[in-house]
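Coordinates as given in structure.csv (CSV, C-alpha atoms and all ligand atoms):
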chain,number,residue,atom,x,y,z
A,1,MET,CA,27.8,-20.8,-12.9
A,2,PRO,CA,30.2,-19.3,-10.4
A,3,ASP,CA,29.5,-15.9,-8.8
A,4,ARG,CA,31.9,-13.4,-10.2
A,5,ASP,CA,32.5,-10.0,-11.5
A,6,LEU,CA,33.3,-9.6,-15.1
A,7,GLN,CA,34.8,-6.4,-13.8
A,8,PRO,CA,35.1,-5.5,-10.2
A,9,LEU,CA,32.8,-2.8,-8.8
A,10,GLN,CA,34.4,0.4,-8.0
A,11,ALA,CA,34.2,1.4,-4.4
A,12,GLY,CA,32.5,4.7,-3.9
A,13,GLY,CA,29.8,3.6,-6.2
A,14,ALA,CA,28.3,5.0,-9.1
A,15,VAL,CA,29.0,7.7,-11.5
A,16,THR,CA,32.5,7.5,-12.8
A,17,SER,CA,32.4,7.4,-16.6
A,18,PRO,CA,30.4,9.6,-19.0
A,19,ARG,CA,30.0,6.9,-21.6
A,20,GLU,CA,26.3,5.9,-22.2
A,21,ALA,CA,26.5,3.5,-25.1
A,22,ALA,CA,26.7,-0.2,-24.5
A,23,THR,CA,28.4,-2.5,-27.0
A,24,VAL,CA,25.4,-4.9,-26.8
A,25,GLU,CA,21.9,-3.7,-26.4
A,26,LEU,CA,20.2,-6.8,-25.0
A,27,THR,CA,17.0,-8.2,-26.5
A,28,LEU,CA,15.4,-11.6,-26.1
A,29,ALA,CA,17.0,-12.5,-29.5
A,30,ASN,CA,20.6,-11.8,-28.6
A,31,VAL,CA,20.9,-12.5,-24.9
A,32,GLY,CA,21.7,-16.2,-25.4
A,33,ASP,CA,24.7,-15.3,-27.6
A,34,TYR,CA,25.7,-12.6,-25.1
A,35,LEU,CA,25.8,-15.1,-22.3
A,36,ARG,CA,27.6,-17.8,-24.3
A,37,GLU,CA,30.2,-15.4,-25.7
A,38,ARG,CA,31.1,-14.5,-22.1
A,39,ASN,CA,31.0,-18.1,-20.8
A,40,LEU,CA,28.2,-17.1,-18.5
A,41,VAL,CA,26.4,-20.2,-19.8
A,42,ASP,CA,28.0,-23.2,-21.3
A,43,GLY,CA,27.3,-23.5,-25.1
A,44,THR,CA,26.0,-27.0,-24.8
A,45,GLN,CA,23.3,-26.2,-22.3
A,46,ASP,CA,19.7,-25.7,-23.1
A,47,VAL,CA,18.7,-22.1,-22.2
A,48,LYS,CA,15.2,-20.9,-21.7
A,49,LEU,CA,14.8,-17.1,-21.8
A,50,GLU,CA,11.9,-15.1,-20.5
A,51,LEU,CA,11.5,-11.4,-20.8
A,52,LEU,CA,10.2,-10.0,-17.5
A,53,ALA,CA,7.7,-7.4,-18.0
A,54,GLY,CA,6.7,-4.5,-15.7
A,55,GLY,CA,9.8,-2.3,-15.7
A,56,ILE,CA,9.8,0.9,-17.7
A,57,SER,CA,13.5,1.5,-17.4
A,58,ASN,CA,15.4,-1.8,-18.0
A,59,THR,CA,15.6,-4.9,-20.1
A,60,VAL,CA,15.1,-7.7,-17.7
A,61,VAL,CA,15.5,-11.3,-18.8
A,62,MET,CA,15.2,-14.5,-16.8
A,63,VAL,CA,17.6,-17.2,-17.8
A,64,VAL,CA,16.6,-20.8,-16.9
A,65,LEU,CA,19.0,-23.7,-17.3
A,66,ALA,CA,18.5,-27.3,-16.3
A,67,THR,CA,19.9,-26.8,-12.8
A,68,ASP,CA,20.2,-23.0,-12.5
A,69,CYS,CA,18.4,-19.8,-13.0
A,70,PHE,CA,19.5,-16.2,-13.0
A,71,VAL,CA,18.2,-12.8,-14.1
A,72,VAL,CA,20.0,-10.4,-16.5
A,73,LYS,CA,19.2,-6.7,-16.1
A,74,GLN,CA,20.4,-4.0,-18.4
A,75,SER,CA,19.6,-0.3,-17.7
A,76,LEU,CA,18.1,1.7,-20.6
A,77,PRO,CA,19.2,5.2,-21.3
A,78,LYS,CA,15.7,6.6,-21.9
A,79,LEU,CA,12.7,5.3,-20.0
A,80,ARG,CA,9.7,3.8,-21.7
A,81,VAL,CA,7.2,6.5,-20.7
A,82,ASP,CA,5.2,9.0,-22.8
A,83,GLN,CA,7.3,12.0,-21.9
A,84,ASP,CA,11.0,12.2,-22.3
A,85,TRP,CA,12.9,11.0,-19.3
A,86,PHE,CA,16.6,10.4,-19.5
A,87,PHE,CA,18.1,8.5,-16.7
A,88,ASP,CA,21.9,7.8,-16.4
A,89,ARG,CA,22.5,4.2,-17.3
A,90,ARG,CA,25.2,4.0,-14.7
A,91,ARG,CA,22.4,3.5,-12.2
A,92,ILE,CA,22.9,-0.2,-12.8
A,93,PHE,CA,26.3,0.1,-11.0
A,94,VAL,CA,24.5,1.6,-8.0
A,95,GLU,CA,22.0,-1.2,-8.1
A,96,THR,CA,24.7,-3.8,-8.2
A,97,ASP,CA,26.6,-2.2,-5.4
A,98,CYS,CA,23.5,-1.8,-3.3
A,99,MET,CA,22.4,-5.4,-3.8
A,100,ALA,CA,25.8,-6.7,-2.8
A,101,THR,CA,25.8,-4.3,0.3
A,102,LEU,CA,22.3,-5.4,1.4
A,103,GLY,CA,23.3,-9.1,1.0
A,104,HIS,CA,25.6,-8.4,4.0
A,105,LEU,CA,23.4,-6.0,5.9
A,106,LEU,CA,20.1,-7.9,5.8
A,107,PRO,CA,19.2,-11.5,6.8
A,108,PRO,CA,19.8,-14.1,4.0
A,109,GLY,CA,17.1,-14.3,1.4
A,110,CYS,CA,15.9,-10.7,1.6
A,111,VAL,CA,17.5,-9.6,-1.7
A,112,PRO,CA,18.9,-11.4,-4.8
A,113,LYS,CA,22.6,-12.2,-4.9
A,114,VAL,CA,24.8,-10.5,-7.4
A,115,ARG,CA,26.1,-13.1,-9.9
A,116,PHE,CA,28.1,-11.0,-12.3
A,117,SER,CA,28.5,-7.4,-13.4
A,118,ASP,CA,29.3,-6.2,-16.9
A,119,ARG,CA,30.0,-2.5,-16.6
A,120,ASP,CA,30.8,-2.0,-20.3
A,121,ASN,CA,27.3,-3.0,-21.1
A,122,PHE,CA,25.4,-1.7,-18.0
A,123,VAL,CA,24.4,-5.3,-17.2
A,124,LEU,CA,23.8,-6.9,-13.8
A,125,GLY,CA,23.4,-10.7,-13.4
A,126,MET,CA,21.6,-11.7,-10.2
A,127,SER,CA,20.0,-14.8,-8.7
A,128,CYS,CA,16.4,-15.6,-9.3
A,129,ALA,CA,13.8,-14.9,-6.7
A,130,PRO,CA,12.8,-18.4,-5.4
A,131,ASP,CA,9.7,-20.0,-6.9
A,132,GLY,CA,6.4,-19.6,-5.0
A,133,GLY,CA,6.4,-15.8,-4.6
A,134,LYS,CA,4.3,-13.2,-6.2
A,135,THR,CA,4.9,-9.4,-6.4
A,136,TRP,CA,2.9,-7.6,-3.8
A,137,LYS,CA,1.5,-5.4,-6.6
A,138,GLN,CA,0.1,-8.4,-8.5
A,139,SER,CA,-1.7,-9.6,-5.3
A,140,LEU,CA,-3.0,-6.1,-4.4
A,141,LEU,CA,-4.3,-5.5,-7.9
A,142,ALA,CA,-5.9,-8.9,-8.0
A,143,GLY,CA,-7.9,-7.9,-4.9
A,144,THR,CA,-5.9,-9.7,-2.2
A,145,VAL,CA,-5.1,-7.6,0.8
A,146,ASP,CA,-2.5,-9.5,2.9
A,147,LEU,CA,-1.8,-7.6,6.1
A,148,GLU,CA,1.0,-9.9,7.0
A,149,ALA,CA,2.8,-8.9,3.8
A,150,ALA,CA,2.3,-5.3,4.7
A,151,ASP,CA,3.8,-6.0,8.1
A,152,ARG,CA,6.8,-7.8,6.7
A,153,ALA,CA,7.4,-5.1,4.1
A,154,GLY,CA,7.3,-2.4,6.8
A,155,ARG,CA,9.6,-4.4,9.1
A,156,LEU,CA,12.1,-5.1,6.3
A,157,LEU,CA,12.3,-1.5,5.4
A,158,GLY,CA,12.7,-0.6,9.0
A,159,LEU,CA,15.6,-3.1,9.3
A,160,LEU,CA,17.2,-1.7,6.2
A,161,HIS,CA,17.1,1.8,7.6
A,162,CYS,CA,18.2,0.8,11.1
A,163,LYS,CA,21.2,-1.3,9.8
A,164,SER,CA,22.4,1.6,7.6
A,165,TYR,CA,21.6,4.5,10.1
A,166,GLN,CA,24.4,7.0,10.5
A,167,ARG,CA,27.0,5.0,8.6
A,168,PRO,CA,29.6,7.3,7.2
A,169,ASP,CA,31.0,4.5,5.0
A,170,LEU,CA,27.6,4.0,3.3
A,171,ARG,CA,27.1,7.8,3.0
A,172,ASP,CA,30.4,7.9,1.1
A,173,ARG,CA,29.4,5.1,-1.1
A,174,PHE,CA,25.8,6.0,-1.8
A,175,GLY,CA,25.7,9.8,-1.1
A,176,ASP,CA,25.6,11.0,-4.7
A,177,GLN,CA,22.2,12.5,-5.2
A,178,ASN,CA,22.3,12.8,-9.1
A,179,LEU,CA,20.3,9.6,-9.7
A,180,LEU,CA,17.8,10.6,-7.0
A,181,ILE,CA,17.3,13.9,-8.8
A,182,GLN,CA,17.1,12.4,-12.3
A,183,GLY,CA,14.9,9.5,-11.2
A,184,ARG,CA,12.6,11.1,-8.6
A,185,VAL,CA,13.0,14.8,-7.8
A,186,ASP,CA,12.8,16.0,-11.5
A,187,PRO,CA,10.2,13.7,-12.9
A,188,TYR,CA,8.0,13.6,-9.7
A,189,HIS,CA,8.4,16.7,-7.5
A,190,ARG,CA,9.5,19.3,-9.9
A,191,VAL,CA,7.0,18.3,-12.6
A,192,ILE,CA,4.1,18.8,-10.1
A,193,ALA,CA,5.6,22.0,-8.7
A,194,SER,CA,5.6,23.5,-12.2
A,195,LEU,CA,2.0,22.3,-12.8
A,196,TYR,CA,0.6,23.7,-9.6
A,197,PRO,CA,2.2,27.1,-8.8
A,198,ASP,CA,0.2,27.5,-5.7
A,199,LEU,CA,1.8,24.3,-4.2
A,200,ALA,CA,5.3,25.0,-5.5
A,201,SER,CA,6.7,26.6,-2.4
A,202,THR,CA,5.4,23.7,-0.2
A,203,ILE,CA,6.8,21.1,-2.7
A,204,ASN,CA,10.1,22.9,-3.0
A,205,ALA,CA,10.5,23.0,0.8
A,206,GLU,CA,9.8,19.3,0.8
A,207,ILE,CA,12.5,18.7,-1.8
A,208,GLU,CA,15.0,20.7,0.2
A,209,ARG,CA,14.1,18.8,3.4
A,210,MET,CA,14.5,15.5,1.7
A,211,LEU,CA,17.8,16.3,-0.1
A,212,GLY,CA,19.1,17.8,3.2
A,213,THR,CA,18.5,14.5,5.1
A,214,GLN,CA,21.2,11.9,4.7
A,215,ILE,CA,20.9,9.4,7.5
A,216,VAL,CA,20.1,5.9,6.1
A,217,LEU,CA,20.4,3.8,3.0
A,218,VAL,CA,17.2,4.5,1.0
A,219,HIS,CA,15.9,2.0,-1.4
A,220,GLY,CA,14.4,4.7,-3.6
A,221,ASP,CA,11.7,2.4,-5.3
A,222,TYR,CA,10.1,0.7,-2.3
A,223,SER,CA,7.0,-0.1,-4.2
A,224,PRO,CA,4.7,-3.2,-4.1
A,225,LYS,CA,5.9,-4.0,-7.6
A,226,ASN,CA,9.5,-4.5,-6.3
A,227,ILE,CA,8.5,-6.6,-3.3
A,228,VAL,CA,8.0,-10.4,-3.8
A,229,VAL,CA,5.7,-11.9,-1.2
A,230,TYR,CA,6.2,-15.5,0.1
A,231,PRO,CA,4.1,-17.2,2.8
A,232,ASN,CA,6.7,-16.4,5.5
A,233,TYR,CA,8.9,-13.6,4.2
A,234,VAL,CA,9.3,-10.9,1.6
A,235,LEU,CA,12.1,-10.3,-0.9
A,236,VAL,CA,13.0,-6.9,-2.3
A,237,LEU,CA,14.2,-6.1,-5.8
A,238,ASP,CA,15.3,-3.1,-7.9
A,239,PHE,CA,17.9,-0.8,-6.3
A,240,GLU,CA,18.6,1.5,-9.1
A,241,VAL,CA,17.6,4.6,-7.2
A,242,ALA,CA,19.3,3.6,-4.0
A,243,HIS,CA,21.0,6.4,-2.2
A,244,TYR,CA,22.1,7.6,1.2
A,245,GLY,CA,19.2,9.8,2.3
A,246,ASP,CA,15.9,10.3,3.9
A,247,PRO,CA,14.0,7.4,5.5
A,248,ALA,CA,10.7,9.2,5.1
A,249,PHE,CA,11.0,9.0,1.3
A,250,ASP,CA,10.8,5.1,1.2
A,251,VAL,CA,8.0,5.1,3.8
A,252,ALA,CA,6.0,7.6,1.8
A,253,PHE,CA,6.8,6.0,-1.5
A,254,CYS,CA,5.2,2.7,-0.4
A,255,LEU,CA,2.3,4.3,1.4
A,256,THR,CA,1.5,6.2,-1.8
A,257,HIS,CA,1.0,3.0,-3.6
A,258,LEU,CA,-1.2,1.6,-0.8
A,259,VAL,CA,-3.3,4.7,-0.7
A,260,LEU,CA,-3.7,4.8,-4.5
A,261,LYS,CA,-5.0,1.2,-4.3
A,262,ALA,CA,-7.5,2.2,-1.7
A,263,ALA,CA,-8.7,5.0,-4.0
A,264,HIS,CA,-8.8,2.6,-6.9
A,265,PHE,CA,-10.7,-0.1,-5.1
A,266,ALA,CA,-13.1,2.4,-3.6
A,267,ARG,CA,-15.6,-0.1,-2.2
A,268,ARG,CA,-12.8,-1.9,-0.4
A,269,HIS,CA,-10.9,1.1,0.7
A,270,VAL,CA,-11.1,0.1,4.4
A,271,GLU,CA,-9.0,-3.1,3.7
A,272,TYR,CA,-6.4,-1.3,1.5
A,273,LEU,CA,-6.0,1.5,4.0
A,274,ALA,CA,-5.6,-1.2,6.8
A,275,SER,CA,-2.6,-2.4,4.8
A,276,ALA,CA,-1.2,1.1,4.8
A,277,ARG,CA,-1.7,1.4,8.5
A,278,ARG,CA,-0.1,-1.9,9.2
A,279,PHE,CA,2.9,-1.1,7.0
A,280,TRP,CA,3.5,2.2,8.8
A,281,GLY,CA,2.9,0.6,12.2
A,282,ALA,CA,5.4,-2.2,11.5
A,283,TYR,CA,8.0,0.2,10.2
A,284,LYS,CA,7.6,2.6,13.1
A,285,ASP,CA,8.0,-0.3,15.5
A,286,ALA,CA,11.1,-1.5,13.8
A,287,VAL,CA,12.9,1.8,13.8
A,288,LYS,CA,11.7,3.3,17.2
A,289,ASP,CA,14.8,2.3,19.2
A,290,THR,CA,17.3,3.3,16.5
A,291,ILE,CA,16.2,6.3,14.4
A,292,GLN,CA,16.0,9.3,16.6
A,293,THR,CA,14.9,11.8,14.0
A,294,PRO,CA,11.1,12.4,14.1
A,295,LEU,CA,9.7,11.0,10.8
A,296,GLU,CA,5.9,11.6,11.0
A,297,ALA,CA,5.7,15.1,9.4
A,298,SER,CA,8.2,14.2,6.8
A,299,VAL,CA,6.3,11.1,5.8
A,300,VAL,CA,3.1,13.1,5.4
A,301,GLY,CA,4.8,15.9,3.4
A,302,GLU,CA,6.4,13.4,1.1
A,303,LEU,CA,3.2,11.4,0.8
A,304,GLY,CA,1.4,14.5,-0.5
A,305,CYS,CA,4.0,15.1,-3.1
A,306,LEU,CA,4.1,11.5,-4.3
A,307,LEU,CA,0.3,11.1,-4.5
A,308,LEU,CA,0.1,14.1,-6.8
A,309,ALA,CA,3.2,12.9,-8.8
A,310,ARG,CA,1.6,9.5,-9.4
A,311,ILE,CA,-1.4,11.4,-11.1
A,312,ASP,CA,0.4,14.2,-12.9
A,313,GLY,CA,4.2,13.4,-12.9
A,314,LYS,CA,6.1,11.4,-15.4
A,315,SER,CA,5.6,8.0,-13.7
A,316,ARG,CA,1.8,7.7,-13.3
A,317,ALA,CA,-0.1,4.9,-11.7
A,318,GLU,CA,-1.5,3.2,-14.8
A,319,TYR,CA,-4.5,1.7,-13.0
A,320,ILE,CA,-5.9,5.1,-11.9
A,321,ASN,CA,-7.5,5.6,-15.3
A,322,ASP,CA,-10.7,7.5,-14.7
A,323,ASP,CA,-10.9,11.3,-14.2
A,324,PRO,CA,-13.1,11.3,-11.0
A,325,THR,CA,-10.5,9.1,-9.2
A,326,ARG,CA,-7.7,11.3,-10.5
A,327,ASP,CA,-9.4,14.4,-9.3
A,328,PHE,CA,-10.1,12.7,-5.9
A,329,VAL,CA,-6.4,11.9,-5.5
A,330,ARG,CA,-5.4,15.4,-6.6
A,331,ASN,CA,-7.6,16.9,-3.9
A,332,MET,CA,-6.4,14.5,-1.3
A,333,ALA,CA,-2.8,15.3,-2.1
A,334,ARG,CA,-3.5,19.0,-2.0
A,335,GLU,CA,-5.1,18.7,1.4
A,336,ILE,CA,-2.2,16.6,2.7
A,337,LEU,CA,0.3,19.1,1.5
A,338,LEU,CA,-1.5,22.2,2.8
A,339,THR,CA,-3.6,21.4,5.8
A,340,ALA,CA,-3.6,17.8,6.9
A,341,SER,CA,-2.4,16.6,10.3
A,342,LYS,CA,1.3,15.8,10.3
A,343,ASP,CA,0.8,12.3,11.7
A,344,PRO,CA,0.5,9.4,9.2
A,345,ASP,CA,-2.0,7.5,11.3
A,346,SER,CA,-4.3,10.5,11.5
A,347,VAL,CA,-3.9,11.1,7.7
A,348,ILE,CA,-4.9,7.5,7.0
A,349,ASP,CA,-8.0,7.9,9.2
A,350,TRP,CA,-8.9,11.1,7.5
A,351,LEU,CA,-8.4,9.5,4.0
A,352,GLY,CA,-10.8,6.7,5.2
A,353,ASN,CA,-13.4,9.3,6.0
A,354,GLU,CA,-13.0,11.0,2.7
A,355,MET,CA,-13.2,7.7,0.8
A,356,ARG,CA,-16.3,6.7,2.7
A,357,GLN,CA,-18.0,10.0,1.9
A,358,ARG,CA,-17.0,9.7,-1.8
A,359,LEU,CA,-19.1,6.5,-1.9
A,360,SER,CA,-22.2,8.0,-0.4
B,1,LIG,N1,15.9,-11.6,-9.5
B,1,LIG,C1,14.7,-11.7,-9.9
B,1,LIG,N2,14.0,-12.8,-9.8
B,1,LIG,C2,12.8,-12.9,-10.3
B,1,LIG,N3,12.1,-11.9,-10.9
B,1,LIG,C3,12.7,-10.8,-11.0
B,1,LIG,C4,14.1,-10.6,-10.6
B,1,LIG,N4,14.4,-9.3,-10.9
B,1,LIG,C5,13.4,-8.7,-11.5
B,1,LIG,N5,12.4,-9.6,-11.6
B,1,LIG,C6,11.0,-9.3,-12.2
B,1,LIG,O1,11.2,-8.4,-13.2
B,1,LIG,C7,10.5,-7.2,-12.9
B,1,LIG,C8,11.3,-6.0,-13.3
B,1,LIG,O2,12.6,-6.0,-12.7
B,1,LIG,P1,13.1,-4.7,-11.9
B,1,LIG,O3,14.5,-5.1,-11.3
B,1,LIG,O4,12.1,-4.3,-10.9
B,1,LIG,O5,13.3,-3.7,-13.0
B,1,LIG,P2,12.7,-2.2,-13.3
B,1,LIG,O6,13.7,-1.3,-12.6
B,1,LIG,O7,12.7,-2.1,-14.7
B,1,LIG,O8,11.4,-2.2,-12.6
B,1,LIG,C9,10.3,-7.2,-11.4
B,1,LIG,O9,9.2,-6.5,-11.0
B,1,LIG,C10,10.1,-8.7,-11.1
B,1,LIG,O10,8.8,-9.1,-11.4
B,2,MG,MG,10.9,-2.7,-10.7

Starting from the coordinates I provided, produce the structure as structure tokens.
Amino acid sequence: MPDRDLQPLQAGGAVTSPREAATVELTLANVGDYLRERNLVDGTQDVKLELLAGGISNTVVMVVLATDCFVVKQSLPKLRVDQDWFFDRRRIFVETDCMATLGHLLPPGCVPKVRFSDRDNFVLGMSCAPDGGKTWKQSLLAGTVDLEAADRAGRLLGLLHCKSYQRPDLRDRFGDQNLLIQGRVDPYHRVIASLYPDLASTINAEIERMLGTQIVLVHGDYSPKNIVVYPNYVLVLDFEVAHYGDPAFDVAFCLTHLVLKAAHFARRHVEYLASARRFWGAYKDAVKDTIQTPLEASVVGELGCLLLARIDGKSRAEYINDDPTRDFVRNMAREILLTASKDPDSVIDWLGNEMRQRLS
């Protein structure tokens, strides 16, 4: 199948039309016809379809042909979470644009390639991640702590931020903050600010700092579930919350997941925290000659917000499912927001001490 746009992307990115209804809502049952009707697969070919699980906000289907493979992703208007969370479907346009942009900015193989875009239906077609990889989340939850993966994920994020640092063209293209607010600030920060009035001014100050920082292209969902790990490299997926913004957000977002895994695997917290330390170290090393803004205190402030949001916000860590661990994380987040050192390495050391004491 040739790479192509069913309709060209619009420069300047995202949010240009108020319409939210697609003409086809994709399901496993109709995606074959959808592709054949648009000549995206030839009618005579055998097509194997697989619904890819994990996402709460999209329909994602892998299409396997005899000699080709691609993934079709359609954004949903309302997310599959317990509480109402509406999220502009046009985020798929941003994802498509960002994936294409990163295809040029980053070394080959770090992101899927855009294969087609169907803006009328909020659909993106992209190349399949090569065989032989596993999402970092799968490995971490299966008990494998791969420090090389943490290093590579940190370096790749650093590279993304360095390559996009202080680029007015990218700021013009990805500077719209509406999706960041709908997808992150409202369901994460503002939910916890309203639940914890004594933390609200600290959280609101962090929101203001983050929204006021527009210096790099931010992935926006830099989580182990969106990072596919191979023996020698990592590939990153899922750019629907990409925006021009604050590098500390991506760093803290990923650190949050690693710290939550350390809290979850309490007896192996030392190893999981080592992956957090390695990720941060690799990132810092990658950006030190390029990004001049100090990041440490911002990473710590955002980490406090996101840890609390993963317990009490609208997108909760599903594997933190016991009250003692939830309370432990809430207390850690509170300390980080109010009193902790403003250096991520010291915060990780301190978390290690707290986790050790919790065991005794
Ligand atoms: N190009 C791809 N190749 C292989 N697997 C993919 C690809 N895109 C997505 N996936 C799989 O589908 C899951 C959900 O896709 P993702 O783009 O992350 O959507 P969501 O925004 O709903 O999380 C990913 O975590 C990954 O396991
Ligand atoms: Mg995802």

Skip Val61 in chain A itself and residues of its chain fewer than 4 positions away, then list as number ranges by chain all residues within 12 Å of it, counting all atoms listed in the file. A: 26-32, 35, 47-55, 69-75, 123-128

Print the selection's residues with C-alpha atoms to a file, as a PDB file, keeping the file's coordinate frame.
ATOM      1  CA  LEU A  26      20.200  -6.800 -25.000  1.00  0.00           C
ATOM      2  CA  THR A  27      17.000  -8.200 -26.500  1.00  0.00           C
ATOM      3  CA  LEU A  28      15.400 -11.600 -26.100  1.00  0.00           C
ATOM      4  CA  ALA A  29      17.000 -12.500 -29.500  1.00  0.00           C
ATOM      5  CA  ASN A  30      20.600 -11.800 -28.600  1.00  0.00           C
ATOM      6  CA  VAL A  31      20.900 -12.500 -24.900  1.00  0.00           C
ATOM      7  CA  GLY A  32      21.700 -16.200 -25.400  1.00  0.00           C
ATOM      8  CA  LEU A  35      25.800 -15.100 -22.300  1.00  0.00           C
ATOM      9  CA  VAL A  47      18.700 -22.100 -22.200  1.00  0.00           C
ATOM     10  CA  LYS A  48      15.200 -20.900 -21.700  1.00  0.00           C
ATOM     11  CA  LEU A  49      14.800 -17.100 -21.800  1.00  0.00           C
ATOM     12  CA  GLU A  50      11.900 -15.100 -20.500  1.00  0.00           C
ATOM     13  CA  LEU A  51      11.500 -11.400 -20.800  1.00  0.00           C
ATOM     14  CA  LEU A  52      10.200 -10.000 -17.500  1.00  0.00           C
ATOM     15  CA  ALA A  53       7.700  -7.400 -18.000  1.00  0.00           C
ATOM     16  CA  GLY A  54       6.700  -4.500 -15.700  1.00  0.00           C
ATOM     17  CA  GLY A  55       9.800  -2.300 -15.700  1.00  0.00           C
ATOM     18  CA  CYS A  69      18.400 -19.800 -13.000  1.00  0.00           C
ATOM     19  CA  PHE A  70      19.500 -16.200 -13.000  1.00  0.00           C
ATOM     20  CA  VAL A  71      18.200 -12.800 -14.100  1.00  0.00           C
ATOM     21  CA  VAL A  72      20.000 -10.400 -16.500  1.00  0.00           C
ATOM     22  CA  LYS A  73      19.200  -6.700 -16.100  1.00  0.00           C
ATOM     23  CA  GLN A  74      20.400  -4.000 -18.400  1.00  0.00           C
ATOM     24  CA  SER A  75      19.600  -0.300 -17.700  1.00  0.00           C
ATOM     25  CA  VAL A 123      24.400  -5.300 -17.200  1.00  0.00           C
ATOM     26  CA  LEU A 124      23.800  -6.900 -13.800  1.00  0.00           C
ATOM     27  CA  GLY A 125      23.400 -10.700 -13.400  1.00  0.00           C
ATOM     28  CA  MET A 126      21.600 -11.700 -10.200  1.00  0.00           C
ATOM     29  CA  SER A 127      20.000 -14.800  -8.700  1.00  0.00           C
ATOM     30  CA  CYS A 128      16.400 -15.600  -9.300  1.00  0.00           C
TER      31      CYS A 128
END

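The shortest atom-to-atom distance to ligand MG 2 (chain B), with only C-alpha atoms and all ligand atoms taken into account, belongs to A:Val228 out of A:Leu147, A:Ala252, A:Val228, A:Leu102.
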
Within 12 Å of ligand MG 2 (chain B) (counting all atoms listed in the file), which residues show up? I'd like them as a ChimeraX atom specification. /A:52-60,73,75,95,135-137,219-228,236-241

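What separates CA of Leu76 in chain A from CA of Val41 in chain A is a distance of 23.4 Å.
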
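Counting from CA of Ala200 in chain A, the distance to CA of Ile320 in chain A is 23.7 Å.
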
Return the single residue from A:Asp84, A:Lys78, A:Ala129, A:Asp42 that is closest to ligand LIG 1 (chain B), with distances computed using all atoms listed in the file. A:Ala129

Give the centre and edge lengths of an axis-aligned box, in Å to one decimal, that holds all listed atoms of range 281-293 of chain A with 6 Å on each side, as lines of an AutoDock Vina configuration file.
center_x = 10.1
center_y = 4.8
center_z = 14.7
size_x = 26.4
size_y = 26.0
size_z = 21.0

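Each of A:Gln292, A:Leu199, A:Lys261, A:Leu180 was compared to Phe249 in chain A using only C-alpha atoms, and A:Leu180 turns out to be the nearest.
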
Would you kindly return, as an mmCIF file with C-alpha atoms, in the frame of the given file, each protein, DNA or RNA residue with an atom no farther than 12 Å from any atom of Ala242 in chain A, considering all atoms listed in the file and excluding same-chain residues fewer than 6 positions away?
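Resulting contents of around.cif:
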data_model
loop_
_atom_site.group_PDB
_atom_site.id
_atom_site.type_symbol
_atom_site.label_atom_id
_atom_site.label_comp_id
_atom_site.auth_asym_id
_atom_site.auth_seq_id
_atom_site.Cartn_x
_atom_site.Cartn_y
_atom_site.Cartn_z
ATOM 1 C CA GLY A 13 29.800 3.600 -6.200
ATOM 2 C CA ALA A 14 28.300 5.000 -9.100
ATOM 3 C CA ARG A 91 22.400 3.500 -12.200
ATOM 4 C CA ILE A 92 22.900 -0.200 -12.800
ATOM 5 C CA PHE A 93 26.300 0.100 -11.000
ATOM 6 C CA VAL A 94 24.500 1.600 -8.000
ATOM 7 C CA GLU A 95 22.000 -1.200 -8.100
ATOM 8 C CA THR A 96 24.700 -3.800 -8.200
ATOM 9 C CA ASP A 97 26.600 -2.200 -5.400
ATOM 10 C CA CYS A 98 23.500 -1.800 -3.300
ATOM 11 C CA MET A 99 22.400 -5.400 -3.800
ATOM 12 C CA THR A 101 25.800 -4.300 0.300
ATOM 13 C CA LEU A 102 22.300 -5.400 1.400
ATOM 14 C CA LEU A 160 17.200 -1.700 6.200
ATOM 15 C CA HIS A 161 17.100 1.800 7.600
ATOM 16 C CA LEU A 170 27.600 4.000 3.300
ATOM 17 C CA ARG A 171 27.100 7.800 3.000
ATOM 18 C CA ARG A 173 29.400 5.100 -1.100
ATOM 19 C CA PHE A 174 25.800 6.000 -1.800
ATOM 20 C CA GLY A 175 25.700 9.800 -1.100
ATOM 21 C CA ASP A 176 25.600 11.000 -4.700
ATOM 22 C CA GLN A 177 22.200 12.500 -5.200
ATOM 23 C CA ASN A 178 22.300 12.800 -9.100
ATOM 24 C CA LEU A 179 20.300 9.600 -9.700
ATOM 25 C CA LEU A 180 17.800 10.600 -7.000
ATOM 26 C CA ILE A 181 17.300 13.900 -8.800
ATOM 27 C CA GLY A 183 14.900 9.500 -11.200
ATOM 28 C CA ARG A 184 12.600 11.100 -8.600
ATOM 29 C CA VAL A 216 20.100 5.900 6.100
ATOM 30 C CA LEU A 217 20.400 3.800 3.000
ATOM 31 C CA VAL A 218 17.200 4.500 1.000
ATOM 32 C CA HIS A 219 15.900 2.000 -1.400
ATOM 33 C CA GLY A 220 14.400 4.700 -3.600
ATOM 34 C CA ASP A 221 11.700 2.400 -5.300
ATOM 35 C CA TYR A 222 10.100 0.700 -2.300
ATOM 36 C CA PHE A 249 11.000 9.000 1.300
ATOM 37 C CA ASP A 250 10.800 5.100 1.200
#

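When CA of Gly212 in chain A is paired with CA of Asp186 in chain A, their separation reads 16.1 Å.
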